[in-house]
file work_27.cif (mmCIF, C-alpha atoms and all ligand atoms)
data_input
loop_
_atom_site.label_atom_id
_atom_site.label_comp_id
_atom_site.auth_asym_id
_atom_site.auth_seq_id
_atom_site.Cartn_x
_atom_site.Cartn_y
_atom_site.Cartn_z
CA MET A 37 30.92 199.76 5.39
CA THR A 38 31.37 198.08 2.03
CA ILE A 39 31.42 194.28 2.13
CA LYS A 40 33.91 193.05 -0.42
CA VAL A 41 33.97 189.69 -2.14
CA TRP A 42 37.56 189.34 -0.93
CA ASP A 43 39.71 191.33 1.48
CA TYR A 44 43.12 190.55 2.99
CA LEU A 45 43.54 193.40 5.48
CA VAL A 46 42.21 191.69 8.62
CA GLU A 47 44.17 188.53 7.83
CA HIS A 48 47.29 190.62 7.35
CA GLU A 49 46.85 192.28 10.73
CA LEU A 50 46.58 188.84 12.39
CA GLU A 51 49.71 187.55 10.67
CA ARG A 52 51.67 190.80 10.36
CA GLU A 53 54.23 190.15 13.08
CA SER A 54 55.35 186.75 11.82
CA ILE A 55 55.39 187.92 8.21
CA GLU A 56 57.41 191.03 8.97
CA LYS A 57 59.92 188.92 10.90
CA ALA A 58 60.21 186.48 7.99
CA VAL A 59 60.68 189.32 5.51
CA ASP A 60 63.31 190.93 7.73
CA ARG A 61 65.22 187.64 7.95
CA VAL A 62 65.34 187.51 4.14
CA PHE A 63 66.48 191.13 3.85
CA ARG A 64 69.36 190.40 6.18
CA SER A 65 70.24 186.94 4.83
CA GLY A 66 72.41 188.10 1.94
CA ARG A 67 70.52 185.85 -0.48
CA LEU A 68 67.46 187.11 -2.39
CA ILE A 69 67.02 184.69 -5.30
CA LEU A 70 66.82 180.85 -5.25
CA GLY A 71 68.00 180.46 -1.68
CA GLU A 72 66.92 178.37 1.31
CA ASN A 73 63.42 179.86 1.60
CA VAL A 74 62.49 178.82 -1.93
CA THR A 75 63.90 175.33 -1.33
CA ARG A 76 62.08 175.00 2.00
CA PHE A 77 58.80 176.25 0.59
CA GLU A 78 59.07 173.97 -2.45
CA GLN A 79 59.62 170.99 -0.18
CA ALA A 80 56.93 171.94 2.34
CA PHE A 81 54.22 172.79 -0.18
CA SER A 82 54.79 169.75 -2.42
CA ALA A 83 54.84 167.53 0.70
CA PHE A 84 51.55 169.12 1.81
CA CYS A 85 50.10 168.00 -1.53
CA GLY A 86 51.60 164.51 -1.17
CA VAL A 87 53.92 165.08 -4.14
CA LYS A 88 57.72 164.62 -4.28
CA HIS A 89 58.99 167.72 -6.09
CA GLY A 90 57.98 171.39 -6.35
CA VAL A 91 59.44 174.20 -8.44
CA GLY A 92 58.64 177.78 -7.43
CA VAL A 93 57.98 180.14 -10.33
CA ASN A 94 56.74 183.65 -11.09
CA SER A 95 53.00 182.98 -11.32
CA GLY A 96 50.32 180.36 -11.80
CA THR A 97 50.33 181.17 -15.50
CA ASP A 98 54.04 180.36 -15.73
CA ALA A 99 53.52 177.21 -13.66
CA LEU A 100 51.02 176.07 -16.32
CA PHE A 101 53.10 177.11 -19.31
CA LEU A 102 56.37 175.68 -17.98
CA SER A 103 54.61 172.44 -16.96
CA LEU A 104 53.34 172.04 -20.51
CA ARG A 105 56.86 172.63 -21.83
CA ALA A 106 58.28 170.17 -19.27
CA LEU A 107 55.78 167.56 -20.50
CA GLY A 108 57.09 168.13 -24.03
CA VAL A 109 53.93 169.89 -25.25
CA GLY A 110 54.60 172.31 -28.11
CA PRO A 111 53.69 173.30 -31.67
CA GLY A 112 51.43 170.79 -33.43
CA ASP A 113 50.01 169.46 -30.15
CA GLU A 114 46.50 170.00 -28.79
CA VAL A 115 45.59 170.46 -25.12
CA ILE A 116 42.02 169.95 -23.91
CA THR A 117 40.52 172.17 -21.24
CA VAL A 118 37.24 174.00 -20.47
CA PRO A 119 35.92 177.37 -21.71
CA ASN A 120 34.73 178.65 -18.29
CA THR A 121 38.16 179.07 -16.76
CA ALA A 122 40.49 182.00 -16.14
CA VAL A 123 42.08 183.24 -19.37
CA PRO A 124 45.60 182.20 -18.18
CA THR A 125 44.67 178.50 -18.38
CA VAL A 126 44.25 178.96 -22.11
CA SER A 127 46.95 181.57 -22.67
CA ALA A 128 49.50 179.18 -21.13
CA ILE A 129 48.60 176.55 -23.75
CA VAL A 130 49.12 179.08 -26.54
CA THR A 131 52.38 180.33 -25.02
CA ALA A 132 53.63 176.72 -25.03
CA GLY A 133 52.98 176.74 -28.80
CA ALA A 134 50.07 174.27 -28.64
CA THR A 135 46.40 174.60 -29.65
CA PRO A 136 43.67 174.79 -26.99
CA ARG A 137 40.66 172.51 -27.47
CA PHE A 138 37.56 172.73 -25.29
CA VAL A 139 34.95 170.41 -23.82
CA ASP A 140 31.74 171.44 -22.08
CA ILE A 141 31.16 171.36 -18.34
CA ASP A 142 28.86 169.56 -15.92
CA PRO A 143 26.20 172.21 -15.14
CA ASP A 144 25.89 171.04 -11.52
CA THR A 145 29.54 171.45 -10.54
CA PHE A 146 30.80 173.79 -13.30
CA LEU A 147 33.73 171.37 -13.74
CA MET A 148 34.93 169.61 -16.89
CA ASP A 149 32.36 167.03 -18.04
CA VAL A 150 34.72 164.11 -18.38
CA ALA A 151 32.13 162.14 -20.36
CA GLU A 152 32.68 164.70 -23.15
CA LEU A 153 36.42 164.00 -23.37
CA PRO A 154 36.43 161.01 -25.76
CA ARG A 155 34.60 163.06 -28.41
CA ALA A 156 37.25 165.79 -28.23
CA LEU A 157 40.19 163.44 -28.66
CA SER A 158 42.30 163.62 -31.80
CA PRO A 159 45.69 162.05 -32.50
CA ARG A 160 47.20 165.48 -31.77
CA VAL A 161 45.94 165.67 -28.18
CA LYS A 162 49.02 165.44 -25.98
CA CYS A 163 47.63 166.71 -22.70
CA VAL A 164 44.37 167.18 -20.83
CA LEU A 165 44.25 170.20 -18.53
CA PRO A 166 41.46 169.82 -15.94
CA VAL A 167 40.73 172.97 -13.94
CA HIS A 168 39.75 172.35 -10.31
CA LEU A 169 37.51 175.39 -10.49
CA TYR A 170 36.21 177.30 -7.45
CA GLY A 171 37.96 174.90 -5.04
CA GLN A 172 36.89 171.37 -5.92
CA CYS A 173 38.37 168.70 -8.14
CA VAL A 174 37.34 167.37 -11.50
CA ASP A 175 36.41 163.65 -11.50
CA MET A 176 40.02 162.56 -11.90
CA ASP A 177 39.38 158.79 -11.75
CA ALA A 178 37.08 159.01 -14.77
CA LEU A 179 39.48 161.40 -16.50
CA THR A 180 42.46 159.11 -15.98
CA GLU A 181 40.52 156.20 -17.45
CA VAL A 182 40.41 158.18 -20.68
CA THR A 183 43.96 159.56 -20.68
CA ARG A 184 46.11 156.73 -19.29
CA PRO A 185 45.48 154.03 -21.93
CA ARG A 186 46.17 156.61 -24.64
CA GLY A 187 49.40 157.93 -23.10
CA ILE A 188 47.94 161.45 -22.78
CA SER A 189 49.53 163.60 -20.05
CA VAL A 190 47.45 165.31 -17.36
CA LEU A 191 48.24 168.78 -16.04
CA GLU A 192 46.01 169.87 -13.13
CA ASP A 193 45.19 173.59 -12.91
CA CYS A 194 45.14 173.98 -9.12
CA ALA A 195 45.16 177.78 -9.01
CA GLN A 196 41.85 177.66 -7.11
CA SER A 197 42.14 174.42 -5.15
CA HIS A 198 44.91 174.56 -2.54
CA GLY A 199 43.99 172.12 0.22
CA ALA A 200 41.06 170.51 -1.64
CA LEU A 201 40.73 166.72 -1.45
CA TYR A 202 39.55 164.22 -4.04
CA GLN A 203 38.94 160.66 -2.78
CA GLY A 204 41.12 161.58 0.21
CA ARG A 205 44.01 162.77 -1.99
CA ARG A 206 45.13 166.36 -2.33
CA ALA A 207 44.51 168.43 -5.42
CA GLY A 208 47.86 168.55 -7.17
CA GLY A 209 48.68 164.87 -6.63
CA LEU A 210 46.17 163.51 -9.13
CA GLY A 211 47.88 163.98 -12.50
CA ASP A 212 51.39 164.04 -14.01
CA VAL A 213 52.07 167.62 -12.96
CA ALA A 214 50.04 170.36 -11.25
CA ALA A 215 50.21 174.15 -11.38
CA PHE A 216 49.41 176.40 -8.41
CA SER A 217 49.05 180.16 -8.20
CA PHE A 218 49.87 182.19 -5.10
CA TYR A 219 48.19 185.33 -6.43
CA PRO A 220 46.94 187.35 -3.42
CA THR A 221 43.28 186.28 -3.63
CA LYS A 222 44.07 182.56 -3.75
CA ILE A 223 43.47 180.15 -0.86
CA LEU A 224 47.21 180.29 -0.23
CA GLY A 225 47.98 183.79 -1.47
CA GLY A 226 51.04 186.01 -1.20
CA TYR A 227 51.47 189.76 -1.49
CA GLY A 228 52.15 189.72 -5.22
CA ASP A 229 52.63 187.15 -7.95
CA GLY A 230 53.95 183.64 -7.44
CA GLY A 231 53.32 180.05 -8.47
CA MET A 232 54.56 176.48 -8.24
CA ALA A 233 54.58 173.39 -10.43
CA ILE A 234 54.65 170.07 -8.58
CA SER A 235 55.31 166.57 -9.87
CA ASP A 236 56.43 163.13 -8.75
CA ASP A 237 58.42 162.67 -11.95
CA PRO A 238 62.11 163.57 -11.55
CA ALA A 239 62.44 164.22 -15.30
CA VAL A 240 59.56 166.75 -15.23
CA ASP A 241 61.05 168.31 -12.10
CA GLY A 242 64.47 168.63 -13.75
CA ALA A 243 62.96 170.19 -16.87
CA LEU A 244 60.96 172.68 -14.77
CA ARG A 245 64.10 173.69 -12.84
CA ARG A 246 66.01 174.35 -16.08
CA LEU A 247 63.14 176.12 -17.81
CA ARG A 248 62.61 178.61 -14.95
CA PHE A 249 66.34 179.43 -14.97
CA TYR A 250 67.29 180.31 -18.57
CA GLY A 251 67.54 176.61 -19.45
CA MET A 252 70.54 176.24 -17.14
CA GLU A 253 71.57 173.49 -14.74
CA LYS A 254 74.67 175.37 -13.72
CA THR A 255 75.13 179.13 -13.78
CA TYR A 256 76.05 180.68 -17.15
CA TYR A 257 75.63 177.42 -19.14
CA ALA A 258 72.33 176.75 -20.96
CA ASN A 259 71.44 173.10 -21.55
CA GLU A 260 68.36 174.21 -23.47
CA HIS A 261 66.37 177.30 -24.36
CA GLY A 262 64.76 178.58 -21.17
CA TYR A 263 63.11 181.51 -19.40
CA ASN A 264 63.35 183.54 -16.23
CA SER A 265 60.51 182.55 -13.92
CA ARG A 266 61.58 182.30 -10.31
CA LEU A 267 59.64 182.57 -7.09
CA ASP A 268 61.73 185.02 -5.05
CA GLU A 269 63.05 184.47 -1.54
CA LEU A 270 60.79 187.14 -0.03
CA HIS A 271 57.66 185.49 -1.30
CA ALA A 272 58.80 182.01 -0.43
CA ALA A 273 59.42 183.17 3.15
CA ILE A 274 55.98 184.80 3.36
CA LEU A 275 54.26 181.77 1.85
CA LEU A 276 56.05 179.45 4.29
CA GLU A 277 54.50 181.44 7.15
CA LYS A 278 51.06 181.28 5.56
CA LEU A 279 51.33 177.58 4.67
CA ALA A 280 51.16 176.85 8.41
CA HIS A 281 47.60 178.30 8.33
CA LEU A 282 46.39 176.66 5.12
CA GLU A 283 44.36 173.93 6.80
CA SER A 284 42.65 176.47 9.04
CA TYR A 285 41.92 178.77 6.08
CA VAL A 286 40.14 175.87 4.35
CA GLU A 287 38.25 174.91 7.52
CA ARG A 288 37.04 178.48 7.96
CA ARG A 289 35.99 178.71 4.29
CA ARG A 290 34.04 175.48 4.70
CA ALA A 291 32.35 176.77 7.86
CA LEU A 292 31.32 179.97 6.05
CA ALA A 293 30.04 177.88 3.14
CA ARG A 294 27.90 175.81 5.52
CA ARG A 295 26.40 179.02 6.94
CA TYR A 296 25.54 180.23 3.43
CA ASP A 297 24.17 176.76 2.55
CA GLU A 298 21.81 176.78 5.52
CA ALA A 299 20.67 180.39 5.27
CA LEU A 300 20.12 180.41 1.50
CA ALA A 301 18.47 177.00 1.07
CA ASP A 302 15.01 177.28 -0.52
CA THR A 303 15.48 180.86 -1.69
CA GLY A 304 15.47 180.06 -5.40
CA LEU A 305 19.23 180.50 -5.65
CA VAL A 306 21.16 177.51 -6.99
CA LEU A 307 23.88 176.88 -4.40
CA PRO A 308 27.29 175.22 -4.89
CA ARG A 309 27.28 171.44 -4.82
CA GLU A 310 30.13 169.42 -3.37
CA ALA A 311 30.73 166.62 -5.86
CA PRO A 312 30.94 163.03 -4.56
CA GLY A 313 34.36 162.15 -3.13
CA ASN A 314 35.35 165.82 -2.90
CA ARG A 315 36.32 168.04 -0.01
CA HIS A 316 35.58 171.46 -1.50
CA ALA A 317 38.03 174.17 -0.39
CA TYR A 318 35.60 176.99 -1.31
CA TYR A 319 38.00 179.34 -3.01
CA LEU A 320 34.76 180.86 -4.24
CA TYR A 321 31.19 180.32 -3.10
CA VAL A 322 29.49 180.33 -6.50
CA CYS A 323 25.73 180.58 -6.87
CA ARG A 324 23.55 180.64 -9.93
CA HIS A 325 20.41 182.62 -10.80
CA SER A 326 18.75 183.60 -14.07
CA GLN A 327 18.56 187.24 -12.91
CA ARG A 328 22.24 187.41 -12.01
CA ASP A 329 22.91 190.92 -13.27
CA LEU A 330 19.96 192.38 -11.36
CA ILE A 331 21.14 190.64 -8.18
CA LEU A 332 24.64 192.08 -8.61
CA GLU A 333 23.22 195.56 -9.12
CA GLU A 334 20.85 195.40 -6.14
CA LEU A 335 23.56 194.13 -3.78
CA ARG A 336 25.93 196.82 -5.02
CA LYS A 337 23.32 199.42 -4.02
CA ALA A 338 23.44 197.86 -0.51
CA ASP A 339 27.26 198.21 -0.56
CA ILE A 340 27.86 194.47 -1.01
CA LEU A 341 30.24 193.72 -3.87
CA LEU A 342 29.85 190.35 -5.58
CA ASN A 343 31.99 188.92 -8.33
CA VAL A 344 31.49 186.95 -11.54
CA SER A 345 34.02 184.24 -12.36
CA TYR A 346 33.73 184.22 -15.32
CA PRO A 347 31.40 186.39 -17.39
CA TRP A 348 32.68 185.29 -20.83
CA PRO A 349 33.46 181.78 -22.04
CA ILE A 350 36.92 181.80 -23.58
CA HIS A 351 35.92 180.24 -26.92
CA THR A 352 33.75 183.33 -27.63
CA MET A 353 36.50 185.87 -26.91
CA THR A 354 37.99 187.87 -29.77
CA GLY A 355 41.49 186.89 -28.62
CA TYR A 356 40.73 183.23 -29.27
CA GLY A 357 38.45 183.65 -32.30
CA TYR A 358 41.14 182.06 -34.47
CA LEU A 359 40.39 178.69 -32.83
CA GLY A 360 37.18 178.60 -34.87
CA TYR A 361 34.60 177.99 -32.13
CA ARG A 362 31.21 179.68 -32.08
CA ASN A 363 28.59 180.69 -29.57
CA GLY A 364 26.45 177.61 -28.95
CA ASP A 365 29.34 175.12 -29.09
CA PHE A 366 29.42 174.64 -25.29
CA PRO A 367 25.91 175.42 -24.01
CA HIS A 368 26.48 174.52 -20.35
CA ALA A 369 29.60 176.67 -20.05
CA GLU A 370 27.90 179.53 -21.88
CA ALA A 371 24.81 179.39 -19.63
CA ALA A 372 27.01 179.28 -16.53
CA CYS A 373 28.86 182.40 -17.66
CA ARG A 374 25.51 184.21 -17.93
CA GLU A 375 24.21 183.11 -14.53
CA VAL A 376 26.99 182.50 -11.98
CA PHE A 377 28.21 184.89 -9.32
CA SER A 378 30.12 184.52 -6.09
CA LEU A 379 29.34 185.73 -2.60
CA PRO A 380 31.92 187.23 -0.21
CA MET A 381 34.27 184.42 0.85
CA TYR A 382 37.60 184.68 2.65
CA PRO A 383 38.75 183.31 6.02
CA THR A 384 38.42 186.58 7.94
CA LEU A 385 34.97 187.45 6.58
CA SER A 386 33.04 188.26 9.76
CA GLU A 387 29.79 186.50 10.56
CA ALA A 388 28.18 189.95 10.90
CA ASP A 389 29.15 190.81 7.30
CA GLN A 390 28.06 187.39 6.13
CA ASP A 391 24.71 187.81 7.93
CA ARG A 392 24.17 191.20 6.32
CA THR A 393 24.90 189.69 2.90
CA ILE A 394 22.43 186.86 3.60
CA GLU A 395 19.77 189.25 4.83
CA VAL A 396 19.95 191.54 1.79
CA MET A 397 20.09 188.55 -0.55
CA THR A 398 17.12 186.73 0.97
CA GLY A 399 15.04 189.93 0.98
CA LEU A 400 15.80 190.50 -2.69
CA LEU A 401 15.12 186.87 -3.67
CA ARG A 402 11.77 187.01 -1.89
CA ARG A 403 10.82 190.02 -4.01
CA LEU A 404 12.02 188.26 -7.19
CA SER A 405 10.11 185.05 -6.58
C1 LIG A 501 42.04 178.78 -12.83
C2 LIG A 501 43.26 179.67 -12.90
N1 LIG A 501 44.31 179.29 -13.64
C3 LIG A 501 45.41 180.04 -13.72
C4 LIG A 501 45.52 181.24 -13.05
C5 LIG A 501 46.75 182.07 -13.22
O1 LIG A 501 47.43 182.33 -12.05
P1 LIG A 501 48.31 183.65 -11.90
O2 LIG A 501 47.38 184.81 -11.79
O3 LIG A 501 49.12 183.42 -10.67
O4 LIG A 501 49.17 183.75 -13.12
C6 LIG A 501 44.46 181.67 -12.24
C7 LIG A 501 44.51 182.93 -11.47
O5 LIG A 501 44.28 183.98 -11.94
C8 LIG A 501 43.29 180.87 -12.18
O6 LIG A 501 42.24 181.23 -11.42
#
call {"tool": "encode", "arguments": {"input": "work_27.cif", "output": "structure tokens", "more": "lines below"}}
Ligand SMILES: Cc1ncc(COP(=O)(O)O)c(C=O)c1O
result
Amino acid sequence: MTIKVWDYLVEHELERESIEKAVDRVFRSGRLILGENVTRFEQAFSAFCGVKHGVGVNSGTDALFLSLRALGVGPGDEVITVPNTAVPTVSAIVTAGATPRFVDIDPDTFLMDVAELPRALSPRVKCVLPVHLYGQCVDMDALTEVTRPRGISVLEDCAQSHGALYQGRRAGGLGDVAAFSFYPTKILGGYGDGGMAISDDPAVDGALRRLRFYGMEKTYYANEHGYNSRLDELHAAILLEKLAHLESYVERRRALARRYDEALADTGLVLPREAPGNRHAYYLYVCRHSQRDLILEELRKADILLNVSYPWPIHTMTGYGYLGYRNGDFPHAEAACREVFSLPMYPTLSEADQDRTIEVMTGLLRRLS
């Protein structure tokens, strides 16, 4: 049997009854768009994060883009992020009309190296967009020390960090606004696309609500130019069911991570490091090795499918060549893209499948050493 890096089928079987009931209730409710399920899920998920308001949207990408717009970011502004993120982090900045700027990463955590931020600042920087990559948070205290005195907004990309904690506070409650994705693979994932932007600021919340709904506060009257980006009732109902399990998903991911940590210590593989003050949610269990591509190939032969997030730093991609960066500009991010890979990680991964992965991996690493 193939061991996949992610699989939802066992989890679905465990939750199928409650999800099918929730879906059936929506079908028979007479209300399919912006009804009580969306409102309840917005309230429950933002409360889970310790934040006052949540606005359900189409996707994590839209949550990022609309958050930038709600913060007033647009043409002429610059937004700083990292090159080793998912393309949508950067595409959202461009969609908002702004210019992405990059800083390098800390090679130990793969997260934004906040010490690099001051050098990247220009008078045009309106927002910093830290990505809580792989399930743990950027050093937000240090980041805020840079942004707050300068009046620069902070938008957290939380697509990979549902349930993570930083200094005891939830990811998503550490900046001015935060964007979550509910794409199926995510820690809290649905059965299609979905996202949410959360904020304590009522003005940002109001702007997000208008922007996702054609710029309207009341039906058929646009207060401003807007879009259509709504989380639908079906998905809100499904995500409400799954939200009840979020803590246990994170616990299980952490238990699996501890098993990998113990079994793979001293094998020559660089293992993930939980940064100080963080409770890593292990969206991905990301390792590093100079012979990454060989490892991927050998495990594939053993029917174990690993993943690389991400193989190409964004500043080297043709699509963003116009930004003027070159290979060599961000050496830590570039090296990480050459060497990182992630092991199977999802709450219903069986210990037998994890043990087989460990066994094949340790055997291979012994031969490589
Ligand atoms: C770091 C990061 N940001 C943004 C996104 C975009 O989310 P979505 O796929 O829901 O648009 C993703 C997911 O792909 C992601 O991993």
call {"tool": "residues_near_ligand", "arguments": {"input": "work_27.cif", "ligand": "ligand LIG 501 (chain A)", "cutoff": "7 Å", "atoms": "only C-alpha atoms and all ligand atoms", "output": "ChimeraX atom specification"}}
result
/A:95-98,121-122,124-125,167,169,193-196,217-219,229-231
call {"tool": "closest_atom_pairs", "arguments": {"input": "work_27.cif", "of": "segment 98-206 of chain A", "to": "segment 261-269 of chain A", "cutoff": "12 Å", "atoms": "all atoms listed in the file", "output": "CSV"}}
result
residue,atom,partner,partner_atom,distance
A:Asp98,CA,A:Ser265,CA,7.1
A:Ala99,CA,A:Ser265,CA,8.8
A:Leu100,CA,A:Ser265,CA,11.7
A:Phe101,CA,A:Ser265,CA,10.7
A:Leu102,CA,A:Ser265,CA,9.0
A:Arg105,CA,A:Gly262,CA,9.9
A:Ala106,CA,A:Gly262,CA,10.8
A:Ala132,CA,A:Gly262,CA,11.9
call {"tool": "closest_residue", "arguments": {"input": "work_27.cif", "among": "A:Met353, A:Val164, A:Ile116, A:Ile340", "to": "Asp389 of chain A", "atoms": "only C-alpha atoms"}}
result
A:Ile340
call {"tool": "closest_residue", "arguments": {"input": "work_27.cif", "among": "A:Pro380, A:Pro349, A:Pro367, A:Gly209", "to": "Asp140 of chain A", "atoms": "all atoms listed in the file"}}
result
A:Pro367
call {"tool": "closest_residue", "arguments": {"input": "work_27.cif", "among": "A:Val139, A:Val46, A:Ala369, A:Ala293", "to": "Tyr318 of chain A", "atoms": "all atoms listed in the file"}}
result
A:Ala293
call {"tool": "axis_aligned_box", "arguments": {"input": "work_27.cif", "around": "segment 258-262 of chain A", "padding_each_side": "6 Å", "output": "JSON"}}
result
{"center_x": 68.5, "center_y": 175.8, "center_z": -22.7, "size_x": 19.6, "size_y": 17.5, "size_z": 15.4}
call {"tool": "atom_distance", "arguments": {"input": "work_27.cif", "atom1": "atom CA of Ala178 of chain A", "atom2": "atom CA of Val306 of chain A"}}
result
25.6 Å
call {"tool": "residues_around", "arguments": {"input": "work_27.cif", "residues": "Ile141 of chain A", "least_positions_apart": "2", "cutoff": "7 Å", "atoms": "only C-alpha atoms", "output": "list in words"}}
result
Val118, Val139, Pro143, Phe146, Leu147, Met148, Asp149, His368 and Ala369 of chain A
call {"tool": "write_last_selection", "arguments": {"input": "work_27.cif", "atoms": "C-alpha atoms", "output": "PDB file, in the coordinates of the input"}}
result
ATOM      1  CA  VAL A 118      37.240 174.000 -20.470  1.00  0.00           C
ATOM      2  CA  VAL A 139      34.950 170.410 -23.820  1.00  0.00           C
ATOM      3  CA  PRO A 143      26.200 172.210 -15.140  1.00  0.00           C
ATOM      4  CA  PHE A 146      30.800 173.790 -13.300  1.00  0.00           C
ATOM      5  CA  LEU A 147      33.730 171.370 -13.740  1.00  0.00           C
ATOM      6  CA  MET A 148      34.930 169.610 -16.890  1.00  0.00           C
ATOM      7  CA  ASP A 149      32.360 167.030 -18.040  1.00  0.00           C
ATOM      8  CA  HIS A 368      26.480 174.520 -20.350  1.00  0.00           C
ATOM      9  CA  ALA A 369      29.600 176.670 -20.050  1.00  0.00           C
TER      10      ALA A 369
END
call {"tool": "atom_distance", "arguments": {"input": "work_27.cif", "atom1": "atom CA of Ala239 of chain A", "atom2": "atom CA of Val174 of chain A"}}
result
25.6 Å
call {"tool": "closest_residue", "arguments": {"input": "work_27.cif", "among": "A:His168, A:His281, A:Arg160, A:Arg137", "to": "Ala317 of chain A", "atoms": "all atoms listed in the file"}}
result
A:His168
call {"tool": "atom_distance", "arguments": {"input": "work_27.cif", "atom1": "atom CA of Phe138 of chain A", "atom2": "atom CA of Pro119 of chain A"}}
result
6.1 Å
